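Okay, structure first, notes after.
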Amino acid sequence: MALKMMLAGAAAMMMRQIPLAAPAEQAPLVARGMDDLPLEPSPIEPSWIISGEPFARVGLHSRAGDDAASTAMWDCTAGEFRWFFDWDETVVILEGEVHVTAQDGSQRTLRQGDIAYFAGKTWATWRIDNYVRKIAFCRKRLPAPVALAYQLRNMLRGNRGSQGGLAA
C-alpha cells in the first residue's frame, strides 16, 4: 500500500509539472454531410509506394482545441503502399475495400462498415484494388511520463485498462 501511495504521489507531481496550454477557441459542434466535405490532394510519400499510382485525397473535418486529436475523410484509388501511422488512428470504411498487412504480419481485408484501429508509431501495407474511402479518427500519443501517470492512476483505481474499456 505504501508503494501505491508513493507512486500516486509521484504521478500527481508529474501531472502538476506539465504546463497546460489553453485550448484554442473552437465551436462546440462541428457537423457536416460526408459528401459536403471538400477533399484536397494528399500525395502518398513516393518511396512508400510499392505498385500502381495510388492517388489519395484528404479533407479535415475537425481538430481538437489542443491539437491532440482530429477527424478527417480520406480516399484513395488503386495501388499498394506502406503507410506509417504517426498517430493512433481508428478508421471506419465508408466505401470500397483495402487489404491491410500490419507490421506483425497479420492480414485483414477491411470493407464498408468495418472499423479498425492502427497503433501509432507502426507501419502497415495497404493494397487497394479499386477505391477506398474512410473516416479517420486520429489521436496523438501522450508523452511517456503522462501516459505512465494515467496508467498509475488507473491501477490505483482498480481499472486494468482492459481492451475496449474506457477509463475516465
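Residue numbering restarts at 1 for every chain of the C-alpha cells, chains are lettered A, B, ... in their displayed order, and ligands are numbered from 1 as they appear.
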Mind the document's chain letters and residue numbers, and return as a PDB file with N, CA, C and O atoms, in the first residue's frame the residues of segment 13-158 of chain A that DSSP labels strand (DSSP E).
```
ATOM      1  N   GLU A  40      -8.908  17.434 -50.641  1.00  0.00           N
ATOM      2  CA  GLU A  40      -7.757  18.013 -51.346  1.00  0.00           C
ATOM      3  C   GLU A  40      -6.732  16.914 -51.608  1.00  0.00           C
ATOM      4  O   GLU A  40      -6.599  15.982 -50.816  1.00  0.00           O
ATOM      5  N   PRO A  41      -5.972  17.020 -52.706  1.00  0.00           N
ATOM      6  CA  PRO A  41      -4.920  16.020 -52.963  1.00  0.00           C
ATOM      7  C   PRO A  41      -3.978  15.893 -51.757  1.00  0.00           C
ATOM      8  O   PRO A  41      -3.617  16.880 -51.123  1.00  0.00           O
ATOM      9  N   ILE A  49       5.390   3.854 -51.996  1.00  0.00           N
ATOM     10  CA  ILE A  49       4.554   3.185 -52.999  1.00  0.00           C
ATOM     11  C   ILE A  49       5.251   1.925 -53.495  1.00  0.00           C
ATOM     12  O   ILE A  49       6.404   1.962 -53.918  1.00  0.00           O
ATOM     13  N   ILE A  50       4.523   0.802 -53.436  1.00  0.00           N
ATOM     14  CA  ILE A  50       5.038  -0.492 -53.866  1.00  0.00           C
ATOM     15  C   ILE A  50       4.639  -0.756 -55.317  1.00  0.00           C
ATOM     16  O   ILE A  50       5.451  -1.216 -56.111  1.00  0.00           O
ATOM     17  N   SER A  51       3.384  -0.458 -55.657  1.00  0.00           N
ATOM     18  CA  SER A  51       2.925  -0.665 -57.037  1.00  0.00           C
ATOM     19  C   SER A  51       1.744   0.244 -57.339  1.00  0.00           C
ATOM     20  O   SER A  51       1.044   0.715 -56.440  1.00  0.00           O
ATOM     21  N   ALA A  56      -4.353   9.819 -53.448  1.00  0.00           N
ATOM     22  CA  ALA A  56      -5.084   9.998 -52.196  1.00  0.00           C
ATOM     23  C   ALA A  56      -5.520  11.445 -52.042  1.00  0.00           C
ATOM     24  O   ALA A  56      -4.857  12.368 -52.510  1.00  0.00           O
ATOM     25  N   ARG A  57      -6.659  11.605 -51.351  1.00  0.00           N
ATOM     26  CA  ARG A  57      -7.167  12.933 -51.012  1.00  0.00           C
ATOM     27  C   ARG A  57      -7.609  12.913 -49.552  1.00  0.00           C
ATOM     28  O   ARG A  57      -7.957  11.859 -49.009  1.00  0.00           O
ATOM     29  N   VAL A  58      -7.592  14.081 -48.929  1.00  0.00           N
ATOM     30  CA  VAL A  58      -7.999  14.184 -47.537  1.00  0.00           C
ATOM     31  C   VAL A  58      -8.777  15.479 -47.328  1.00  0.00           C
ATOM     32  O   VAL A  58      -8.519  16.482 -47.999  1.00  0.00           O
ATOM     33  N   GLY A  59      -9.716  15.421 -46.405  1.00  0.00           N
ATOM     34  CA  GLY A  59     -10.461  16.610 -46.002  1.00  0.00           C
ATOM     35  C   GLY A  59     -10.575  16.624 -44.495  1.00  0.00           C
ATOM     36  O   GLY A  59     -11.075  15.671 -43.893  1.00  0.00           O
ATOM     37  N   LEU A  60     -10.066  17.673 -43.873  1.00  0.00           N
ATOM     38  CA  LEU A  60     -10.135  17.788 -42.415  1.00  0.00           C
ATOM     39  C   LEU A  60     -11.556  18.154 -42.019  1.00  0.00           C
ATOM     40  O   LEU A  60     -12.103  19.154 -42.489  1.00  0.00           O
ATOM     41  N   HIS A  61     -12.140  17.355 -41.143  1.00  0.00           N
ATOM     42  CA  HIS A  61     -13.469  17.647 -40.614  1.00  0.00           C
ATOM     43  C   HIS A  61     -13.369  18.512 -39.371  1.00  0.00           C
ATOM     44  O   HIS A  61     -14.014  19.538 -39.251  1.00  0.00           O
ATOM     45  N   SER A  62     -12.515  18.080 -38.438  1.00  0.00           N
ATOM     46  CA  SER A  62     -12.404  18.812 -37.174  1.00  0.00           C
ATOM     47  C   SER A  62     -11.075  18.489 -36.509  1.00  0.00           C
ATOM     48  O   SER A  62     -10.447  17.471 -36.788  1.00  0.00           O
ATOM     49  N   ARG A  63     -10.672  19.397 -35.622  1.00  0.00           N
ATOM     50  CA  ARG A  63      -9.429  19.225 -34.854  1.00  0.00           C
ATOM     51  C   ARG A  63      -9.717  19.685 -33.426  1.00  0.00           C
ATOM     52  O   ARG A  63     -10.351  20.721 -33.226  1.00  0.00           O
ATOM     53  N   ALA A  69      -6.061  15.646 -31.276  1.00  0.00           N
ATOM     54  CA  ALA A  69      -6.976  14.735 -31.967  1.00  0.00           C
ATOM     55  C   ALA A  69      -7.579  15.438 -33.171  1.00  0.00           C
ATOM     56  O   ALA A  69      -7.728  16.663 -33.177  1.00  0.00           O
ATOM     57  N   SER A  70      -7.905  14.638 -34.182  1.00  0.00           N
ATOM     58  CA  SER A  70      -8.556  15.198 -35.369  1.00  0.00           C
ATOM     59  C   SER A  70      -9.416  14.123 -36.014  1.00  0.00           C
ATOM     60  O   SER A  70      -9.232  12.925 -35.779  1.00  0.00           O
ATOM     61  N   THR A  71     -10.341  14.583 -36.837  1.00  0.00           N
ATOM     62  CA  THR A  71     -11.200  13.695 -37.612  1.00  0.00           C
ATOM     63  C   THR A  71     -11.126  14.155 -39.062  1.00  0.00           C
ATOM     64  O   THR A  71     -11.216  15.357 -39.332  1.00  0.00           O
ATOM     65  N   ALA A  72     -10.944  13.200 -39.969  1.00  0.00           N
ATOM     66  CA  ALA A  72     -10.794  13.552 -41.381  1.00  0.00           C
ATOM     67  C   ALA A  72     -11.442  12.485 -42.254  1.00  0.00           C
ATOM     68  O   ALA A  72     -11.620  11.336 -41.833  1.00  0.00           O
ATOM     69  N   MET A  73     -11.767  12.887 -43.464  1.00  0.00           N
ATOM     70  CA  MET A  73     -12.218  11.962 -44.502  1.00  0.00           C
ATOM     71  C   MET A  73     -11.011  11.752 -45.420  1.00  0.00           C
ATOM     72  O   MET A  73     -10.265  12.701 -45.703  1.00  0.00           O
ATOM     73  N   TRP A  74     -10.806  10.524 -45.874  1.00  0.00           N
ATOM     74  CA  TRP A  74      -9.664  10.198 -46.739  1.00  0.00           C
ATOM     75  C   TRP A  74     -10.141   9.211 -47.785  1.00  0.00           C
ATOM     76  O   TRP A  74     -10.936   8.312 -47.482  1.00  0.00           O
ATOM     77  N   ASP A  75      -9.670   9.375 -49.012  1.00  0.00           N
ATOM     78  CA  ASP A  75      -9.954   8.369 -50.031  1.00  0.00           C
ATOM     79  C   ASP A  75      -8.713   8.136 -50.874  1.00  0.00           C
ATOM     80  O   ASP A  75      -7.764   8.929 -50.842  1.00  0.00           O
ATOM     81  N   CYS A  76      -8.712   7.008 -51.604  1.00  0.00           N
ATOM     82  CA  CYS A  76      -7.543   6.657 -52.398  1.00  0.00           C
ATOM     83  C   CYS A  76      -7.954   5.700 -53.509  1.00  0.00           C
ATOM     84  O   CYS A  76      -8.818   4.839 -53.316  1.00  0.00           O
ATOM     85  N   THR A  77      -7.294   5.863 -54.657  1.00  0.00           N
ATOM     86  CA  THR A  77      -7.514   4.977 -55.790  1.00  0.00           C
ATOM     87  C   THR A  77      -6.588   3.766 -55.681  1.00  0.00           C
ATOM     88  O   THR A  77      -5.787   3.657 -54.751  1.00  0.00           O
ATOM     89  N   ALA A  78      -6.663   2.890 -56.675  1.00  0.00           N
ATOM     90  CA  ALA A  78      -5.933   1.620 -56.661  1.00  0.00           C
ATOM     91  C   ALA A  78      -4.422   1.809 -56.557  1.00  0.00           C
ATOM     92  O   ALA A  78      -3.851   2.734 -57.123  1.00  0.00           O
ATOM     93  N   GLY A  79      -3.806   0.901 -55.820  1.00  0.00           N
ATOM     94  CA  GLY A  79      -2.360   0.877 -55.652  1.00  0.00           C
ATOM     95  C   GLY A  79      -1.989   0.143 -54.386  1.00  0.00           C
ATOM     96  O   GLY A  79      -2.856  -0.233 -53.592  1.00  0.00           O
ATOM     97  N   GLU A  80      -0.697  -0.064 -54.200  1.00  0.00           N
ATOM     98  CA  GLU A  80      -0.196  -0.714 -52.986  1.00  0.00           C
ATOM     99  C   GLU A  80       0.931   0.142 -52.429  1.00  0.00           C
ATOM    100  O   GLU A  80       1.806   0.598 -53.169  1.00  0.00           O
ATOM    101  N   PHE A  81       0.886   0.354 -51.107  1.00  0.00           N
ATOM    102  CA  PHE A  81       1.885   1.213 -50.473  1.00  0.00           C
ATOM    103  C   PHE A  81       2.009   0.870 -48.996  1.00  0.00           C
ATOM    104  O   PHE A  81       1.122   0.280 -48.399  1.00  0.00           O
ATOM    105  N   ARG A  82       3.155   1.253 -48.453  1.00  0.00           N
ATOM    106  CA  ARG A  82       3.357   1.156 -46.998  1.00  0.00           C
ATOM    107  C   ARG A  82       2.897   2.476 -46.406  1.00  0.00           C
ATOM    108  O   ARG A  82       2.986   3.514 -47.057  1.00  0.00           O
ATOM    109  N   TRP A  83       2.396   2.424 -45.188  1.00  0.00           N
ATOM    110  CA  TRP A  83       1.917   3.637 -44.529  1.00  0.00           C
ATOM    111  C   TRP A  83       2.413   3.647 -43.090  1.00  0.00           C
ATOM    112  O   TRP A  83       2.315   2.642 -42.390  1.00  0.00           O
ATOM    113  N   PHE A  84       2.944   4.792 -42.672  1.00  0.00           N
ATOM    114  CA  PHE A  84       3.392   4.957 -41.289  1.00  0.00           C
ATOM    115  C   PHE A  84       2.317   5.715 -40.523  1.00  0.00           C
ATOM    116  O   PHE A  84       1.937   6.819 -40.901  1.00  0.00           O
ATOM    117  N   PHE A  85       1.819   5.105 -39.464  1.00  0.00           N
ATOM    118  CA  PHE A  85       0.815   5.736 -38.608  1.00  0.00           C
ATOM    119  C   PHE A  85       1.544   6.475 -37.495  1.00  0.00           C
ATOM    120  O   PHE A  85       1.951   5.883 -36.505  1.00  0.00           O
ATOM    121  N   ASP A  88      -2.137   7.394 -33.248  1.00  0.00           N
ATOM    122  CA  ASP A  88      -3.117   6.316 -33.141  1.00  0.00           C
ATOM    123  C   ASP A  88      -4.257   6.687 -34.079  1.00  0.00           C
ATOM    124  O   ASP A  88      -4.642   7.868 -34.154  1.00  0.00           O
ATOM    125  N   GLU A  89      -4.772   5.714 -34.811  1.00  0.00           N
ATOM    126  CA  GLU A  89      -5.835   6.028 -35.771  1.00  0.00           C
ATOM    127  C   GLU A  89      -6.890   4.929 -35.782  1.00  0.00           C
ATOM    128  O   GLU A  89      -6.574   3.750 -35.914  1.00  0.00           O
ATOM    129  N   THR A  90      -8.128   5.343 -35.639  1.00  0.00           N
ATOM    130  CA  THR A  90      -9.266   4.455 -35.798  1.00  0.00           C
ATOM    131  C   THR A  90      -9.952   4.853 -37.095  1.00  0.00           C
ATOM    132  O   THR A  90     -10.187   6.043 -37.327  1.00  0.00           O
ATOM    133  N   VAL A  91     -10.249   3.868 -37.943  1.00  0.00           N
ATOM    134  CA  VAL A  91     -10.877   4.154 -39.227  1.00  0.00           C
ATOM    135  C   VAL A  91     -12.213   3.439 -39.330  1.00  0.00           C
ATOM    136  O   VAL A  91     -12.406   2.360 -38.751  1.00  0.00           O
ATOM    137  N   VAL A  92     -13.117   4.051 -40.069  1.00  0.00           N
ATOM    138  CA  VAL A  92     -14.380   3.436 -40.451  1.00  0.00           C
ATOM    139  C   VAL A  92     -14.408   3.459 -41.976  1.00  0.00           C
ATOM    140  O   VAL A  92     -14.311   4.537 -42.582  1.00  0.00           O
ATOM    141  N   ILE A  93     -14.510   2.288 -42.589  1.00  0.00           N
ATOM    142  CA  ILE A  93     -14.540   2.208 -44.047  1.00  0.00           C
ATOM    143  C   ILE A  93     -15.957   2.559 -44.512  1.00  0.00           C
ATOM    144  O   ILE A  93     -16.933   1.918 -44.112  1.00  0.00           O
ATOM    145  N   LEU A  94     -16.031   3.573 -45.360  1.00  0.00           N
ATOM    146  CA  LEU A  94     -17.317   4.043 -45.861  1.00  0.00           C
ATOM    147  C   LEU A  94     -17.668   3.427 -47.217  1.00  0.00           C
ATOM    148  O   LEU A  94     -18.843   3.217 -47.525  1.00  0.00           O
ATOM    149  N   GLU A  95     -16.637   3.173 -48.023  1.00  0.00           N
ATOM    150  CA  GLU A  95     -16.865   2.700 -49.381  1.00  0.00           C
ATOM    151  C   GLU A  95     -15.626   1.946 -49.842  1.00  0.00           C
ATOM    152  O   GLU A  95     -14.501   2.293 -49.484  1.00  0.00           O
ATOM    153  N   GLY A  96     -15.826   0.901 -50.638  1.00  0.00           N
ATOM    154  CA  GLY A  96     -14.705   0.142 -51.180  1.00  0.00           C
ATOM    155  C   GLY A  96     -14.100  -0.795 -50.150  1.00  0.00           C
ATOM    156  O   GLY A  96     -14.738  -1.150 -49.155  1.00  0.00           O
ATOM    157  N   GLU A  97     -12.851  -1.198 -50.423  1.00  0.00           N
ATOM    158  CA  GLU A  97     -12.158  -2.088 -49.502  1.00  0.00           C
ATOM    159  C   GLU A  97     -10.659  -1.919 -49.640  1.00  0.00           C
ATOM    160  O   GLU A  97     -10.160  -1.404 -50.643  1.00  0.00           O
ATOM    161  N   VAL A  98      -9.950  -2.376 -48.603  1.00  0.00           N
ATOM    162  CA  VAL A  98      -8.495  -2.319 -48.576  1.00  0.00           C
ATOM    163  C   VAL A  98      -7.982  -3.589 -47.906  1.00  0.00           C
ATOM    164  O   VAL A  98      -8.554  -4.047 -46.915  1.00  0.00           O
ATOM    165  N   HIS A  99      -6.918  -4.151 -48.472  1.00  0.00           N
ATOM    166  CA  HIS A  99      -6.258  -5.325 -47.891  1.00  0.00           C
ATOM    167  C   HIS A  99      -5.070  -4.787 -47.089  1.00  0.00           C
ATOM    168  O   HIS A  99      -4.175  -4.147 -47.652  1.00  0.00           O
ATOM    169  N   VAL A 100      -5.074  -5.037 -45.794  1.00  0.00           N
ATOM    170  CA  VAL A 100      -4.064  -4.482 -44.895  1.00  0.00           C
ATOM    171  C   VAL A 100      -3.185  -5.597 -44.348  1.00  0.00           C
ATOM    172  O   VAL A 100      -3.683  -6.643 -43.922  1.00  0.00           O
ATOM    173  N   THR A 101      -1.870  -5.362 -44.367  1.00  0.00           N
ATOM    174  CA  THR A 101      -0.919  -6.239 -43.693  1.00  0.00           C
ATOM    175  C   THR A 101      -0.209  -5.390 -42.647  1.00  0.00           C
ATOM    176  O   THR A 101       0.476  -4.418 -42.988  1.00  0.00           O
ATOM    177  N   ALA A 102      -0.398  -5.732 -41.379  1.00  0.00           N
ATOM    178  CA  ALA A 102       0.239  -4.995 -40.283  1.00  0.00           C
ATOM    179  C   ALA A 102       1.705  -5.387 -40.181  1.00  0.00           C
ATOM    180  O   ALA A 102       2.134  -6.397 -40.747  1.00  0.00           O
ATOM    181  N   GLN A 107      -3.000 -10.077 -41.360  1.00  0.00           N
ATOM    182  CA  GLN A 107      -3.661  -9.541 -42.544  1.00  0.00           C
ATOM    183  C   GLN A 107      -5.159  -9.459 -42.322  1.00  0.00           C
ATOM    184  O   GLN A 107      -5.740 -10.289 -41.618  1.00  0.00           O
ATOM    185  N   ARG A 108      -5.751  -8.461 -42.953  1.00  0.00           N
ATOM    186  CA  ARG A 108      -7.198  -8.280 -42.834  1.00  0.00           C
ATOM    187  C   ARG A 108      -7.689  -7.478 -44.029  1.00  0.00           C
ATOM    188  O   ARG A 108      -7.030  -6.546 -44.466  1.00  0.00           O
ATOM    189  N   THR A 109      -8.836  -7.846 -44.558  1.00  0.00           N
ATOM    190  CA  THR A 109      -9.489  -7.045 -45.585  1.00  0.00           C
ATOM    191  C   THR A 109     -10.573  -6.236 -44.894  1.00  0.00           C
ATOM    192  O   THR A 109     -11.447  -6.797 -44.220  1.00  0.00           O
ATOM    193  N   LEU A 110     -10.487  -4.917 -45.035  1.00  0.00           N
ATOM    194  CA  LEU A 110     -11.476  -4.020 -44.446  1.00  0.00           C
ATOM    195  C   LEU A 110     -12.442  -3.595 -45.539  1.00  0.00           C
ATOM    196  O   LEU A 110     -12.018  -3.143 -46.604  1.00  0.00           O
ATOM    197  N   ARG A 111     -13.736  -3.743 -45.246  1.00  0.00           N
ATOM    198  CA  ARG A 111     -14.789  -3.409 -46.203  1.00  0.00           C
ATOM    199  C   ARG A 111     -15.746  -2.392 -45.590  1.00  0.00           C
ATOM    200  O   ARG A 111     -15.686  -2.113 -44.400  1.00  0.00           O
ATOM    201  N   ILE A 115     -14.595  -1.328 -38.877  1.00  0.00           N
ATOM    202  CA  ILE A 115     -13.869  -0.389 -38.024  1.00  0.00           C
ATOM    203  C   ILE A 115     -12.540  -1.041 -37.679  1.00  0.00           C
ATOM    204  O   ILE A 115     -12.493  -2.225 -37.352  1.00  0.00           O
ATOM    205  N   ALA A 116     -11.460  -0.280 -37.767  1.00  0.00           N
ATOM    206  CA  ALA A 116     -10.133  -0.820 -37.451  1.00  0.00           C
ATOM    207  C   ALA A 116      -9.330   0.225 -36.685  1.00  0.00           C
ATOM    208  O   ALA A 116      -9.528   1.427 -36.846  1.00  0.00           O
ATOM    209  N   TYR A 117      -8.419  -0.256 -35.856  1.00  0.00           N
ATOM    210  CA  TYR A 117      -7.526   0.597 -35.065  1.00  0.00           C
ATOM    211  C   TYR A 117      -6.089   0.303 -35.471  1.00  0.00           C
ATOM    212  O   TYR A 117      -5.690  -0.863 -35.561  1.00  0.00           O
ATOM    213  N   PHE A 118      -5.337   1.369 -35.715  1.00  0.00           N
ATOM    214  CA  PHE A 118      -3.907   1.254 -36.025  1.00  0.00           C
ATOM    215  C   PHE A 118      -3.140   2.000 -34.942  1.00  0.00           C
ATOM    216  O   PHE A 118      -3.346   3.204 -34.743  1.00  0.00           O
ATOM    217  N   THR A 122       3.532   2.751 -35.928  1.00  0.00           N
ATOM    218  CA  THR A 122       3.604   1.453 -36.600  1.00  0.00           C
ATOM    219  C   THR A 122       3.422   1.632 -38.105  1.00  0.00           C
ATOM    220  O   THR A 122       2.922   2.650 -38.568  1.00  0.00           O
ATOM    221  N   TRP A 123       3.836   0.605 -38.847  1.00  0.00           N
ATOM    222  CA  TRP A 123       3.701   0.569 -40.303  1.00  0.00           C
ATOM    223  C   TRP A 123       2.654  -0.454 -40.678  1.00  0.00           C
ATOM    224  O   TRP A 123       2.454  -1.446 -39.970  1.00  0.00           O
ATOM    225  N   ALA A 124       2.012  -0.242 -41.818  1.00  0.00           N
ATOM    226  CA  ALA A 124       1.117  -1.234 -42.406  1.00  0.00           C
ATOM    227  C   ALA A 124       1.227  -1.102 -43.923  1.00  0.00           C
ATOM    228  O   ALA A 124       1.550  -0.030 -44.446  1.00  0.00           O
ATOM    229  N   THR A 125       0.982  -2.205 -44.614  1.00  0.00           N
ATOM    230  CA  THR A 125       0.922  -2.178 -46.078  1.00  0.00           C
ATOM    231  C   THR A 125      -0.545  -2.183 -46.471  1.00  0.00           C
ATOM    232  O   THR A 125      -1.325  -3.001 -45.970  1.00  0.00           O
ATOM    233  N   TRP A 126      -0.901  -1.238 -47.339  1.00  0.00           N
ATOM    234  CA  TRP A 126      -2.270  -1.128 -47.835  1.00  0.00           C
ATOM    235  C   TRP A 126      -2.281  -1.491 -49.307  1.00  0.00           C
ATOM    236  O   TRP A 126      -1.496  -0.953 -50.085  1.00  0.00           O
ATOM    237  N   ARG A 127      -3.183  -2.413 -49.687  1.00  0.00           N
ATOM    238  CA  ARG A 127      -3.399  -2.734 -51.096  1.00  0.00           C
ATOM    239  C   ARG A 127      -4.863  -2.438 -51.422  1.00  0.00           C
ATOM    240  O   ARG A 127      -5.772  -3.051 -50.859  1.00  0.00           O
ATOM    241  N   ILE A 128      -5.036  -1.482 -52.308  1.00  0.00           N
ATOM    242  CA  ILE A 128      -6.377  -1.071 -52.711  1.00  0.00           C
ATOM    243  C   ILE A 128      -6.555  -1.526 -54.151  1.00  0.00           C
ATOM    244  O   ILE A 128      -5.814  -1.089 -55.039  1.00  0.00           O
ATOM    245  N   ASP A 129      -7.510  -2.411 -54.384  1.00  0.00           N
ATOM    246  CA  ASP A 129      -7.720  -2.937 -55.734  1.00  0.00           C
ATOM    247  C   ASP A 129      -8.445  -1.930 -56.631  1.00  0.00           C
ATOM    248  O   ASP A 129      -8.164  -1.867 -57.831  1.00  0.00           O
ATOM    249  N   ASN A 130      -9.387  -1.173 -56.081  1.00  0.00           N
ATOM    250  CA  ASN A 130     -10.147  -0.209 -56.877  1.00  0.00           C
ATOM    251  C   ASN A 130     -10.168   1.165 -56.215  1.00  0.00           C
ATOM    252  O   ASN A 130      -9.639   2.123 -56.755  1.00  0.00           O
ATOM    253  N   TYR A 131     -10.796   1.236 -55.043  1.00  0.00           N
ATOM    254  CA  TYR A 131     -11.016   2.517 -54.386  1.00  0.00           C
ATOM    255  C   TYR A 131     -11.394   2.248 -52.938  1.00  0.00           C
ATOM    256  O   TYR A 131     -12.032   1.229 -52.638  1.00  0.00           O
ATOM    257  N   VAL A 132     -11.012   3.161 -52.045  1.00  0.00           N
ATOM    258  CA  VAL A 132     -11.461   3.088 -50.661  1.00  0.00           C
ATOM    259  C   VAL A 132     -11.690   4.505 -50.147  1.00  0.00           C
ATOM    260  O   VAL A 132     -10.987   5.441 -50.533  1.00  0.00           O
ATOM    261  N   ARG A 133     -12.711   4.649 -49.316  1.00  0.00           N
ATOM    262  CA  ARG A 133     -12.989   5.922 -48.634  1.00  0.00           C
ATOM    263  C   ARG A 133     -13.230   5.611 -47.172  1.00  0.00           C
ATOM    264  O   ARG A 133     -13.945   4.655 -46.848  1.00  0.00           O
ATOM    265  N   LYS A 134     -12.617   6.403 -46.307  1.00  0.00           N
ATOM    266  CA  LYS A 134     -12.714   6.148 -44.864  1.00  0.00           C
ATOM    267  C   LYS A 134     -12.859   7.455 -44.105  1.00  0.00           C
ATOM    268  O   LYS A 134     -12.531   8.531 -44.598  1.00  0.00           O
ATOM    269  N   ILE A 135     -13.344   7.328 -42.889  1.00  0.00           N
ATOM    270  CA  ILE A 135     -13.253   8.391 -41.897  1.00  0.00           C
ATOM    271  C   ILE A 135     -12.139   7.963 -40.955  1.00  0.00           C
ATOM    272  O   ILE A 135     -12.072   6.797 -40.551  1.00  0.00           O
ATOM    273  N   ALA A 136     -11.254   8.890 -40.629  1.00  0.00           N
ATOM    274  CA  ALA A 136     -10.137   8.598 -39.726  1.00  0.00           C
ATOM    275  C   ALA A 136     -10.255   9.462 -38.482  1.00  0.00           C
ATOM    276  O   ALA A 136     -10.413  10.675 -38.572  1.00  0.00           O
ATOM    277  N   PHE A 137     -10.213   8.804 -37.334  1.00  0.00           N
ATOM    278  CA  PHE A 137     -10.179   9.483 -36.047  1.00  0.00           C
ATOM    279  C   PHE A 137      -8.758   9.321 -35.519  1.00  0.00           C
ATOM    280  O   PHE A 137      -8.334   8.205 -35.208  1.00  0.00           O
ATOM    281  N   CYS A 138      -8.010  10.413 -35.460  1.00  0.00           N
ATOM    282  CA  CYS A 138      -6.591  10.359 -35.105  1.00  0.00           C
ATOM    283  C   CYS A 138      -6.350  10.999 -33.744  1.00  0.00           C
ATOM    284  O   CYS A 138      -6.952  12.024 -33.424  1.00  0.00           O
ATOM    285  N   ARG A 139      -5.461  10.378 -32.969  1.00  0.00           N
ATOM    286  CA  ARG A 139      -5.116  10.907 -31.648  1.00  0.00           C
ATOM    287  C   ARG A 139      -3.624  10.795 -31.442  1.00  0.00           C
ATOM    288  O   ARG A 139      -3.032   9.728 -31.645  1.00  0.00           O
TER     289      ARG A 139
END
```
Residues flagged helix (DSSP H, G or I) by DSSP in segment 31-72 of chain A, as a ChimeraX atom specification
/A:34-36,46-48
Two-atom distance - atom CA of Asp86 of chain A, atom CA of Lys121 of chain A (Å):
5.0 Å
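Going from atom CA of Gln112 of chain A to atom CA of Asp35 of chain A covers 16.0 Å.
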